[in-house]
Every structure is written in structure tokens, then in C-alpha cells.
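Remarks on the structure that follows.
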Amino acid sequence: MARDMEWDFENVDMDMFMEEAECAEDDPLKTFSPVKKNMVLFFLIDVSSSMKGERIDTMNRAMREVLPELIAVGGSNTDIRVAVLEFGSGWEWITPEPVLLEEFQNWRELSADGVTDLGMALEELNTKMSRRQFLNSPSLSYAPVVFLITDGYPTDNYRRGLEALKKNKWFQAGIKIALALGRGVDKHILEEFTGDPEFVIEAKNTEMLYQLVRHISIASSQIGSSSIPVEEASMELTEKDVAGKKQEMMRDVLTEMKNDIMASDLSDLDYESGW
């Protein structure tokens, strides 16, 4: 039996961090100085027909089990909200609006069917990533995390949706991660989505899929909901500096995950037996 992979993400000291900024319309890195800050974790989940069977079953299991674990990630100073968008033949929001983790613990089982309309999903995500839509909380402080999970190649015009999304300030400042399931994924497209090949991770079996969904969700939420270390807060940091530092933190975590996967029993499974 493959052993569990373990990362010590839950011991991050959130009290070590602080951030000072001013609010501006649709500016994801400036804040209102609220009593409690917010961060939105977006899940974009492929539910096309190629996800049928073990892949969608494992995806459902991972989401059911990670949601309770995410509740404490933000600590006492940050509320983490979840927004889930499924895409196959078209798209559908599982969450009509971002929902507090404490209020989103009954996972609705996803079923797989249809084609892979990734482009439509990206256009819809771009529409909702605005203060006039899903990011309209008056106390919103942190740029979002966007986690894309797919096992196939887009069957529509993905580039139009992606180009629109790349112009979105929230998307630019946020942490973008893509999880490729199996061999049928065009990883070049996922690298375009994340803007960095290091933020694309490949799962070649169901156990690896389960572990990665859980650990990436937890780690990205912790980093996304943290601020700048105290010793750096007094520096004149630009918006790009803040986003860049979080990207560096997440890159280090993903590198560690990849190394642990390669060193684990999971790496011995091939694609055919793994799914």
C-alpha cells in the first residue's frame, strides 16, 4: 500500500505576519484594515466524460475530506471562503457565491459527462473575479487562490478566456496552481494558466490525486491568507513585490511536494495501473 505523503503545513505561525495598505477599487493587494480579513479559494474542476469512474470518485473524496481541514487555516484573523466552478459541456457554479468554509461542509457529489469547455469556464471566472461580483466583500484583503484540476485538452476556444483572465488584476496577483491528471493533458496550456511551469503538478494515479488535492488546498490557503513578515513590512513594497513573495513561498512548497512524490511509493505506479 502506498504510504501517505506528509507536509508540515499546519504549523505556520500566522501571528508572525502583518500587512499595511490602503483600499483601491479592484486592487487585490490593498486593504480596508478590517477586524477580520478574507480570502477566496477558487476551485475549477473538470467534470468532462474522461473524468468518469475513479477520477471523479477520488476528486469527490478529496474535497469532502479537505473542507473540514481548511476551517482552521486562516486562524482568528482571516475568513477563507470557497468558490467552486465545475466545467464540462458548459460550466456551473456549485457555490452561487463565495461561501465561508464553516458553512460549506456538505460537499455535493460531482458527476462527469460531456466535453471540456475550459475556455468558457475561464471567461466565467474572469467575470466573477471583481469587486462587483464574487470579490465584493468590504473586508476583502488578500488576492485569491485559483486551483485548476483537469485531465483533458480543451474542446473550445480556451485562449480567448485565458487572455481575458490574464488582464484581470485579481488573477494577476493571485496564486494560480494547476493539477494535471494522467497523460491526456496539454501541460503547455496549464503553464499558460499558471504563468509558471513550477506551478503545474502531475498526478498519475488516484492516490496521488487525493494527496495533492488535499495538501495543495491547505498550503495555498495558508500562504494566500498570510501577510508580509514583520521584518519586511516596514519596507516600501510594491504590489508586485507582495504577489512575488507569496509566489516564491508557494513555489518552495510545490517543489517539496514534487520531491516527496518522487521519493514515495506512489512514483512506482505507472499510468495504466494507477487509474
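A note on labels: chains of the C-alpha cells are A, B, ... as shown, every chain counts residues from 1, and ligands are counted from 1 in their shown order.
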### Message
I'd like the neighbourhood of region 78-88 of chain A as a ChimeraX atom specification, where a residue qualifies if any of its atoms comes within 8 Å (using only C-alpha atoms), though same-chain residues fewer than 3 positions away should be ignored.
### Response
/A:36-49,71,73-75,91-101,104,112-118,121,221,225
### Task
Could you give me the residues within region 105-141 of chain A that DSSP places in alpha helix (DSSP H), as a ChimeraX atom specification?
/A:118-128
### Expected answer as a list in words: strand (DSSP E) residues in region 115-259 of chain A
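Filtering region 115-259 of chain A to strand (DSSP E) leaves Val145, Val146, Phe147, Leu148, Ile149, Thr150, Ile175, Lys176, Ile177, Ala178, Leu179, Ala180, Leu181, Val200, Ile201, Glu202, Ala203, Ile228 and Pro229 of chain A.
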### Query
Taking into account only C-alpha atoms, which residue in the set A:Thr206, A:Asn157, A:Ser141, A:Ser264 is nearest to Asp57 (chain A)?
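Of the candidates, the smallest distance to Asp57 (chain A) is held by A:Thr206.
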### Shell of 6 Å around Leu179 (chain A), only C-alpha atoms, local chain residues under 2 positions omitted, as a list in words
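Listed by chain and then number, they are Ile149, Val200, Ile201 and Glu202 of chain A.
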